[in-house]
Every structure is written in C-alpha cells, then in structure tokens.
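J.: Have a look at the structure that comes next, please.
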Amino acid sequence: MATMLKREGFLKLTGALGAGLTLGFTLDRKAEAAAPAAVFVPNAYLRIAPENTVTIFCSKSEMGQGIAMGLSTVIAEELDYPVERARIEFAVAAPEYVDPVNHTQGTGGSYSTDHLFDYLRKLGATARAMLVAAAAEKWGVAPSSIVTKGDGFVYHPPSGRSASYGEIALLAAAQPVPERVTLKSPDRFTQIGKRLARYDIPAKVDGRAVYGMDVRLPGMLYASVQRPPVFGGRVVRYDAGKTLSVKGVKRVVAISSGVAVLADNSWSAAQGRYALAVTYDDGPLAQLSSKEIYAQAEALLKKPGIPARNEGNIEAALAGGRTYEAVYRGPYLAHAAMEPMNATAWIHDGICEVWAPTQGQTAALKVAASVTGLPESRIKVYTTFLGGGFGRKSEPDAVREAVEIAKATGLPVKVVWTREDDIQHDFYRSTSTNAISAALDSSGKIVGLKHRVVSASIFRRLGRLPADGLDNGSVNGAANVFYDIPNIFVDFVDHEPGIPVGFLRAPGANWNTFVTESFIDELAHAAARDPYLFRRAHLQKQPRALAVLDAAAHKAGWDRPLPTGIHRGIAMCVWDGSFCAIVAEIAVNGKMPDVRRLVIASDTGLVVNPDTVEAQLQSAAIYGLTAALRGKITIERGRVTQNNFYDYAMVRHNEAPKIETVLIASRERPTGVGELATPPVAPAVANAWFAATGKRLRSLPFSDAALT
C-alpha cells in the first residue's frame, strides 16, 4: 500500500529532539545535552542512536490505558523493529506533537489511536525506508535488494551482509526523505494485533514509574491551597498567624484560586492550611441547591432547544402511533481519579518548567505562558504518568496554581490537592434532565423518537461553541442513536446554573445512553418483544452494531434459562465510531442490584493490542458501574456536600462482577475504546433490574432510587 507523506512532517536532525521524561525519570535538566552527539532523528517521534538504541516518543498521556505501548507498537511495526526493545519516553509539549486532527496536544475522547494510527505508520515506514537507502548506499546495491525482518537489522540476502539500525543510523540521517512510502498490508503485521506485554507494568510494580506526585526538585516547597467553598465565591481576607506557627510552614501566598500555604512537606502544608482564618464573599450562588437546579431544568424542559438531529416528521409520527414518554434525571458526577490533582513548577533563568500528570499539554503550556508572560518557546511542560484521568486532567487549574505560586516565590513548588479538594473543586459531569418520547406502529416497530436534553454546556465554558450554540458533546448518546427509526428529533437546551462542568469519561453519552437504552427497553416491553430481539429488528441497516449485539447475546447465553434468582438486561452504545453491547446479570440484594456478570462485545476496528482493549473495556465498565450504583454530587448552599470516598464511594474489589469480553475481528481502521463500555453499563443493569422487579429506574444512582 503506497501513501504520500508531506516532507514538512519530518525533521532530519543530528541531535536529540526533546529529552522528555524517560521511564527511569531524571531531574537532570542537562539530560538532552547528555544524549548522543549524533543520532538519526527522522521525525519527532523516533530517535535511533549509533549504539543501537531506538527511542520512541509518545505525544499522548499514559493514564493506565496503555496508549504509550499502543502507539509505539504502531511505529515499531512499520519500522520493522521489536517494540519490546525500544525505549519509550513521553514527549515534551511542543508543536511537533500536536494532534494532526484536532490540532492540540492532549489526550481524550478515545481519539489517540484513531487520530495517529495512519500518521505514525507513515513515520515508521519512512524511517525504515531511509535506513534501507543508507544500507544500499553503504553496500553499493539497489534498495530493492535490501530487506528487514523485524529484528532491527537490514539484510542483503545475495551477499549475506547485514547491519543493525544503529550501525547505519548516521548514514540514514543523510538520506533524502522519501515522498512516498509503502505501508504493510495487515496480513503482514507481526506486532499489531498481538498480545504484547506492556512496557510500563514492571516499572509500576517496582516503583520506577514516575507520577506527578513523585516529582522532586532540590529546594522544592509543597503547597496546599484553600479555595472558596462556594462556587463563584472569592477570598476577602485571611489571617495567617496560626498557620505560620505550624512546624514546617514557610510562607503563605494569595493566588487567583485562593490562599496557598507553602511548607517543606505536604503534611505541614495541609495542616497550615487548616489553621488559616479566611473570610469569603460567597457570591450569587450561596443559596443554590441541587433541588433548585432540578427545578430549573424541569422548567427548561418545556422550552424548545437547539435542534441536534431532525429527520422525517416527528410530530406526525408521534400523532399516528402508540405513544410512550418518560423523563429521566441524572446527577453531577466527580471524576475521582486515584491520583488527585497536582503539578510542579519552577521559574528560573528565563524559563518556566512544569511537571504534571496532564491530559492537556497544550492547555498547560498556554496557561503557564499567560501567568508568566513568557513566550511559549520558554515554557517546558513535561508529562508524567497519570494515576487516572477520565477527562479531569485535561483541565490546567493545578498547573495554573503551581505556576502562580512559583512566580510569587521564585522557588520550585509542588501543588498537591487532597481527596476532599479533588471531589469538592472538580469540573463535574453535568446534571441532565431528559424528556424522551416515542411511537410504535401496529407491528411493534419504532416509527418516531423525540429526545430533549437539558444540561450544561462544556464547550460554552471553553469558548468553543459553534454559532448556533449547539454543544454536540452534550447530546452524545442521544443525537447519534443508531437504530433504524424513520423519524427522529433531538434538541439541546443549555442549562447553566453556575456549577463548573467538564469532560468525564464518554461525555454526554455516559448519561444520555442510560436514557436512550433504558427507554428502548421500555419500548421493547411495550411491544411485547424480547429486548434483544427488539433491538435486533431495528439494526438491520447497521451491520457492525448488529454484530456486537449478537456477539454479546451469544456469549451471555441469552437463549438459555438463567439460574434461579439471576436476571439479565442488555444495552448498547456507539463511541468514536466503535460499537459496544453489554449484557448484565444481577441478583436482587435488598433494594440494590448485586451485579454478578458483565459480558461485553466490542467492535473497535483493527485492534492494536487485544490485552489493552480488553483491559479498557473492563475499566470503563467498572467506572460506569460505580456511577450507576452510587455516583452522585449534591449541591447545598452553593457547595458540594460530598467529601471523600466514604460518601463518594467507588466499586470495591469484592463488589466487582465477573467480566467477559468478545472482540469482533475487523479490518476497519482503529477507533476508540477507552470510554466505550462506560455508557451502556448503567442501562444494562437497570434493564436487568426491571426484569427482576418490574420497576423502571429513571434516575441514578441506584442507591438513591432504592430509597424511593
């Protein structure tokens, strides 16, 4: 397969490009200078040194999803080099690492492999072509007579000569960059599609992996920030007298988000902060409550919104069939990543250096530049491992705090959030109130579906709404319903009560899919049809969706009787072009479901590493199950009432169900997986709950619904 590659996409350099953060991690800022004096760097993602070391740079954030290994495998496949022998480093924030599709350096939306797959293949193939050209020149033979065998060597079979990539690296650097390269056909892949061991697991087990919380700098102080408890509030004044008497506390500094207490360890910083006497202006949200927010949403349900999808004649369809309707209500959710927000910053010698477990390198770089007034070329953002992200760490607020404090003190500073900070000062999954209605014809087919979504807009806060005001993220899981329905109308009503909202794993879809798939189940029972067969009848024009539905049902044994006391439900979703179906098996435990088994089938296109895909499906399902069973952020007097894991509880090991996965073989290009299994878990469990009890849930979490 031949492909064109723009010459501007490559750099022929004789020096290292950006040291980044290595697996072993060093704080020696001269690491770049210590790199080999002459290496082959055909592009920003690859470095081959004469001592035969191959380094692959990952521009995306590794937060447990395995993307560093996955993207490196893509490059290594076309380079014809064993990825397990490569060094994998995180790239610095730089223009060379901007995503070629969304034009920013960041990780989210399950877009990493989707956006970079073809691009990185071309980079790897181009480097290989230059190595082959170098060997041909060295031996005075035709490039067509040179072969590679996946072991990091070039071979000339007629003469029996061979050389490692390192041996010809410098000569390869002098070769012209080819305008056209040939990519492997999938049947020639030796690494893509294989169950390769993750490079990062041993380092995480033995402690070599460096997370944001692990960064240490000489003379560094730790900062804990006291923020106004009410959203939109501000600090009026503070008294640091008692704080400065706490052992270890060094300074107290006012910053844009609150008051920072600096100490020589994180414990002292937190204790000093708790001793602060602070007076606040609580602002206009001082009396806001969840009850009021839902009342606002109920009123907005009666107002027309911005159309997100309009096909056929929905009003005629509803008027001409058997009509059903329902209202669903979803709460705010916190991200609750295991590693709380943190960042380290140091401003010195005309530069600003930032170390952060960030999903948003471009955002971090721009924030640091705005705070310091330095040009972006003088900002260095180093990405560490992330102890979970889920969208939260795309926000640069911790970076802003660290840079502001570093600027005020002239010292290297690490900002560390507590678990309480993380839960009470998040950018939350928005509340959503949804009105949905549908009509069935005489044969039990859906002839019309109408869905109104009332929720806050993430993109409004970011200044990225289109001219018509439609936040496409907020209608994900509603506007992209994939069933064969001739008349569909979906609209969006922007509800902005003042609580900050952001991206949470599968934004929009993580709630709207609960609404859509629960209601589809209601319609199936109204039509007196089996929920699986009812869905199947509406997917005849969607072969990929139909295949995952069938695979999940077959694996779960849908056509076989269940043991006494066990009940099941089914649900589906689409995310970033990938399809997923989940069958949940539950028992009734008092007023709560005891989820015993989840069967997940997915079609994510061509699979780079089956182990990674299976792990992400499991992870996403557990994340969605936590939200379904107990996830809820409540607002009282303008502030969050939840505090820590005792009242914002996660699914524990002993509660985790057995999870089985089915990966549909596909030649389609890779699409996203990290968020795919989060949306359909809640409706699958809720539909099983109906099968068990005859009761429909139109709000979450289960722990609240069980009380009513």
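For the structure tokens, the naming scheme is as follows: chains receive sequential letters (A, B, ...) according to their order of presentation, residues are indexed from 1 within each chain, and ligands are indexed from 1 in presentation order.
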Need the shell around Ala68 in chain A: protein/DNA/RNA residues with any atom at most 12 Å away, counting only C-alpha atoms. Skip same-chain ones fewer than 4 positions apart. Format as a PyMOL selection string?
T.: chain A and resi 22-23+45+56-64+72-75+83+86-91+107+112-113+116+198-201+384-386+608-609+612
J.: Could you write out that same residue set with N, CA and C atoms as an mmCIF file, in the first residue's frame?
T.:
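Result went into part_30.cif, see below:
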```
data_model
loop_
_atom_site.group_PDB
_atom_site.id
_atom_site.type_symbol
_atom_site.label_atom_id
_atom_site.label_comp_id
_atom_site.auth_asym_id
_atom_site.auth_seq_id
_atom_site.Cartn_x
_atom_site.Cartn_y
_atom_site.Cartn_z
ATOM 1 N N THR A 22 11.824 10.059 30.756
ATOM 2 C CA THR A 22 12.073 8.651 30.493
ATOM 3 C C THR A 22 11.408 7.814 31.571
ATOM 4 N N LEU A 23 11.362 6.525 31.332
ATOM 5 C CA LEU A 23 10.750 5.629 32.297
ATOM 6 C C LEU A 23 11.447 5.717 33.649
ATOM 7 N N TYR A 45 9.068 11.714 16.545
ATOM 8 C CA TYR A 45 8.623 10.564 17.323
ATOM 9 C C TYR A 45 9.661 9.450 17.438
ATOM 10 N N ILE A 56 11.316 5.789 21.139
ATOM 11 C CA ILE A 56 10.047 6.233 20.560
ATOM 12 C C ILE A 56 9.405 7.199 21.545
ATOM 13 N N PHE A 57 8.996 8.359 21.031
ATOM 14 C CA PHE A 57 8.379 9.372 21.872
ATOM 15 C C PHE A 57 6.861 9.294 21.759
ATOM 16 N N CYS A 58 6.197 9.311 22.895
ATOM 17 C CA CYS A 58 4.735 9.253 22.931
ATOM 18 C C CYS A 58 4.189 10.644 23.216
ATOM 19 N N SER A 59 3.389 11.160 22.314
ATOM 20 C CA SER A 59 2.838 12.512 22.474
ATOM 21 C C SER A 59 1.548 12.519 23.280
ATOM 22 N N LYS A 60 1.028 11.355 23.590
ATOM 23 C CA LYS A 60 -0.219 11.256 24.346
ATOM 24 C C LYS A 60 0.070 10.906 25.802
ATOM 25 N N SER A 61 -0.914 11.123 26.654
ATOM 26 C CA SER A 61 -0.743 10.915 28.090
ATOM 27 C C SER A 61 -1.074 9.480 28.466
ATOM 28 N N GLU A 62 -0.185 8.864 29.232
ATOM 29 C CA GLU A 62 -0.380 7.487 29.696
ATOM 30 C C GLU A 62 -1.019 7.519 31.075
ATOM 31 N N MET A 63 -2.317 7.209 31.122
ATOM 32 C CA MET A 63 -3.040 7.237 32.392
ATOM 33 C C MET A 63 -3.572 5.877 32.770
ATOM 34 N N GLY A 64 -2.863 4.834 32.269
ATOM 35 C CA GLY A 64 -3.264 3.476 32.569
ATOM 36 C C GLY A 64 -3.917 2.774 31.399
ATOM 37 N N SER A 72 3.481 3.194 20.288
ATOM 38 C CA SER A 72 4.845 2.762 19.980
ATOM 39 C C SER A 72 4.829 1.506 19.119
ATOM 40 N N THR A 73 3.863 0.625 19.361
ATOM 41 C CA THR A 73 3.742 -0.586 18.555
ATOM 42 C C THR A 73 3.438 -0.242 17.100
ATOM 43 N N VAL A 74 2.622 0.778 16.899
ATOM 44 C CA VAL A 74 2.278 1.195 15.534
ATOM 45 C C VAL A 74 3.525 1.661 14.788
ATOM 46 N N ILE A 75 4.352 2.488 15.437
ATOM 47 C CA ILE A 75 5.596 2.942 14.806
ATOM 48 C C ILE A 75 6.535 1.762 14.584
ATOM 49 N N VAL A 83 9.132 -3.802 19.354
ATOM 50 C CA VAL A 83 8.788 -2.711 20.262
ATOM 51 C C VAL A 83 9.292 -2.984 21.678
ATOM 52 N N ALA A 86 12.508 -1.252 22.353
ATOM 53 C CA ALA A 86 12.567 0.208 22.237
ATOM 54 C C ALA A 86 12.454 0.868 23.602
ATOM 55 N N ARG A 87 13.075 2.029 23.733
ATOM 56 C CA ARG A 87 12.836 2.896 24.884
ATOM 57 C C ARG A 87 11.645 3.773 24.545
ATOM 58 N N ILE A 88 10.724 3.894 25.477
ATOM 59 C CA ILE A 88 9.536 4.713 25.249
ATOM 60 C C ILE A 88 9.576 5.882 26.226
ATOM 61 N N GLU A 89 9.526 7.090 25.689
ATOM 62 C CA GLU A 89 9.577 8.297 26.506
ATOM 63 C C GLU A 89 8.358 9.158 26.212
ATOM 64 N N PHE A 90 7.966 9.948 27.199
ATOM 65 C CA PHE A 90 6.884 10.905 26.997
ATOM 66 C C PHE A 90 7.444 12.156 26.347
ATOM 67 N N ALA A 91 6.776 12.639 25.326
ATOM 68 C CA ALA A 91 7.221 13.828 24.616
ATOM 69 C C ALA A 91 6.935 15.078 25.437
ATOM 70 N N THR A 107 -4.934 14.417 25.377
ATOM 71 C CA THR A 107 -5.435 13.050 25.300
ATOM 72 C C THR A 107 -6.848 13.006 25.857
ATOM 73 N N SER A 112 -6.824 8.874 20.491
ATOM 74 C CA SER A 112 -5.379 8.784 20.271
ATOM 75 C C SER A 112 -5.019 7.871 19.100
ATOM 76 N N THR A 113 -5.425 6.610 19.172
ATOM 77 C CA THR A 113 -5.097 5.687 18.095
ATOM 78 C C THR A 113 -5.842 6.054 16.819
ATOM 79 N N LEU A 116 -3.921 9.020 15.259
ATOM 80 C CA LEU A 116 -2.493 8.885 14.983
ATOM 81 C C LEU A 116 -2.107 7.613 14.231
ATOM 82 N N ARG A 198 2.938 -5.094 28.178
ATOM 83 C CA ARG A 198 3.061 -3.648 28.356
ATOM 84 C C ARG A 198 4.410 -3.314 28.961
ATOM 85 N N TYR A 199 5.100 -2.336 28.386
ATOM 86 C CA TYR A 199 6.417 -1.940 28.879
ATOM 87 C C TYR A 199 6.353 -1.298 30.256
ATOM 88 N N ASP A 200 5.218 -0.660 30.591
ATOM 89 C CA ASP A 200 5.141 0.149 31.801
ATOM 90 C C ASP A 200 4.766 -0.642 33.048
ATOM 91 N N ILE A 201 4.276 -1.857 32.886
ATOM 92 C CA ILE A 201 3.805 -2.604 34.054
ATOM 93 C C ILE A 201 4.933 -2.909 35.045
ATOM 94 N N THR A 384 4.184 13.425 33.141
ATOM 95 C CA THR A 384 4.482 12.221 33.917
ATOM 96 C C THR A 384 3.408 11.169 33.640
ATOM 97 N N PHE A 385 3.556 10.008 34.245
ATOM 98 C CA PHE A 385 2.440 9.069 34.271
ATOM 99 C C PHE A 385 1.275 9.712 35.024
ATOM 100 N N LEU A 386 0.052 9.317 34.666
ATOM 101 C CA LEU A 386 -1.145 9.805 35.343
ATOM 102 C C LEU A 386 -1.778 8.666 36.123
ATOM 103 N N VAL A 608 -4.977 -2.997 17.950
ATOM 104 C CA VAL A 608 -3.520 -2.946 18.041
ATOM 105 C C VAL A 608 -3.020 -3.971 19.051
ATOM 106 N N ASN A 609 -3.647 -4.026 20.236
ATOM 107 C CA ASN A 609 -3.257 -4.981 21.267
ATOM 108 C C ASN A 609 -4.510 -5.488 21.976
ATOM 109 N N THR A 612 -4.883 -4.779 25.749
ATOM 110 C CA THR A 612 -5.202 -3.404 26.110
ATOM 111 C C THR A 612 -6.684 -3.119 25.893
#
```
J.: Enumerate the residues of range 425-636 of chain A with a DSSP assignment of strand (DSSP E), computed from the backbone, and present them as a ChimeraX atom specification.
T.: /A:432-440,446-455,487-494,567-575,578-589,592-603,635-636
J.: Per residue of range 530-565 of chain A within 12 Å of range 584-595 of chain A, record the nearest atom pair and its distance in Å to one decimal, counting only C-alpha atoms, with rows in chain order and ascending residue number, as a tab-separated table.
T.:
```
residue	atom	partner	partner_atom	distance
A:Ala552	CA	A:Ala584	CA	10.0
A:Ala553	CA	A:Ala584	CA	10.2
A:Lys555	CA	A:Ala584	CA	11.6
A:Ala556	CA	A:Ala584	CA	8.7
A:Gly557	CA	A:Glu585	CA	10.9
A:Trp558	CA	A:Glu585	CA	10.5
A:Leu562	CA	A:Glu585	CA	9.1
A:Pro563	CA	A:Ala587	CA	10.1
A:Thr564	CA	A:Ala587	CA	9.3
A:Gly565	CA	A:Ala587	CA	5.9
```
J.: Can you list, as a ChimeraX atom specification, every protein, DNA or RNA residue that comes within 10 Å of Ala398 in chain A when you count only C-alpha atoms, leaving out same-chain residues fewer than 5 positions away?
T.: /A:225,257,341-344,356-358,364,393,403-404,414-417
J.: For range 147-153 of chain A, work out the shell of residues within 7 Å, counting only C-alpha atoms and skipping chain neighbours fewer than 6 positions away, then give it as an MDAnalysis selection string.
T.: chainID A and resid 80:82 162:165
J.: Can I get the selection written as a PDB file, in the first residue's frame, with C-alpha atoms?
T.:
```
ATOM      1  CA  ASP A  80      10.247  -3.332  11.488  1.00  0.00           C
ATOM      2  CA  TYR A  81      11.742  -3.142  14.961  1.00  0.00           C
ATOM      3  CA  PRO A  82      10.659  -5.143  18.039  1.00  0.00           C
ATOM      4  CA  SER A 162      23.703  -7.335   7.487  1.00  0.00           C
ATOM      5  CA  ALA A 163      23.883  -4.322   9.762  1.00  0.00           C
ATOM      6  CA  SER A 164      21.960  -3.125  12.785  1.00  0.00           C
ATOM      7  CA  TYR A 165      19.895   0.027  12.540  1.00  0.00           C
TER       8      TYR A 165
END
```
J.: Produce a table with one row for each residue of range 349-463 of chain A that has an atom at most 12 Å from any atom of range 666-686 of chain A, each row naming the nearest atom pair and its distance in Å at one decimal; use only C-alpha atoms; arrange rows by chain and rising residue number; format as CSV.
T.:
```
residue,atom,partner,partner_atom,distance
A:Gly388,CA,A:Gly674,CA,11.8
A:Gly389,CA,A:Gly674,CA,11.2
A:Phe390,CA,A:Glu675,CA,8.7
A:Gly391,CA,A:Glu675,CA,10.4
```
J.: Determine the nearest neighbour of Asp441 in chain A from the options A:Gly232, A:Gly140, A:Gly321, A:Gly241, counting only C-alpha atoms.
T.: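 Result for the nearest residue to Asp441 in chain A: A:Gly321.
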J.: One decimal, Å: what's the distance from CA of Gly212 in chain A over to CA of Ile351 in chain A, could you say?
T.: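 Interatomic distance, CA of Gly212 in chain A to CA of Ile351 in chain A: 19.9 Å.
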J.: Quick one: everything within 6 Å of range 506-522 of chain A, counting only C-alpha atoms, minus sequence neighbours fewer than 2 positions away in the same chain. Send it as a list in words.
T.: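 What passes the distance filter is Gly473, Ser474, Val475, Asn476, Gly477, Ala478, Phe503, Leu504, Ala524, His525, Pro531, Ala571, Glu675, Pro679 and Pro683 of chain A.
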J.: So that I have them on file, write out the residues from the current selection with C-alpha atoms, as a PDB file, in the first residue's frame.
T.:
```pdb
ATOM      1  CA  GLY A 473     -20.863  16.750  23.274  1.00  0.00           C
ATOM      2  CA  SER A 474     -23.937  17.275  25.424  1.00  0.00           C
ATOM      3  CA  VAL A 475     -26.154  15.349  23.005  1.00  0.00           C
ATOM      4  CA  ASN A 476     -23.743  12.451  22.517  1.00  0.00           C
ATOM      5  CA  GLY A 477     -25.670   9.258  23.119  1.00  0.00           C
ATOM      6  CA  ALA A 478     -28.903  10.978  22.072  1.00  0.00           C
ATOM      7  CA  PHE A 503     -15.288  16.221  30.319  1.00  0.00           C
ATOM      8  CA  LEU A 504     -15.925  12.960  32.172  1.00  0.00           C
ATOM      9  CA  ALA A 524     -39.484  -3.457  23.771  1.00  0.00           C
ATOM     10  CA  HIS A 525     -41.683  -4.484  26.684  1.00  0.00           C
ATOM     11  CA  PRO A 531     -35.328  -6.740  24.460  1.00  0.00           C
ATOM     12  CA  ALA A 571     -27.780  -2.254  26.319  1.00  0.00           C
ATOM     13  CA  GLU A 675     -14.676   5.210  27.032  1.00  0.00           C
ATOM     14  CA  PRO A 679     -22.222   4.367  28.790  1.00  0.00           C
ATOM     15  CA  PRO A 683     -28.838   0.826  31.365  1.00  0.00           C
TER      16      PRO A 683
END
```
J.: Range 688-704 of chain A: which residues within 7 Å, counting only C-alpha atoms, same-chain residues fewer than 5 positions away excluded, as a PyMOL selection string?
T.: chain A and resi 327-330+567-569+584-586+592-593+627-632
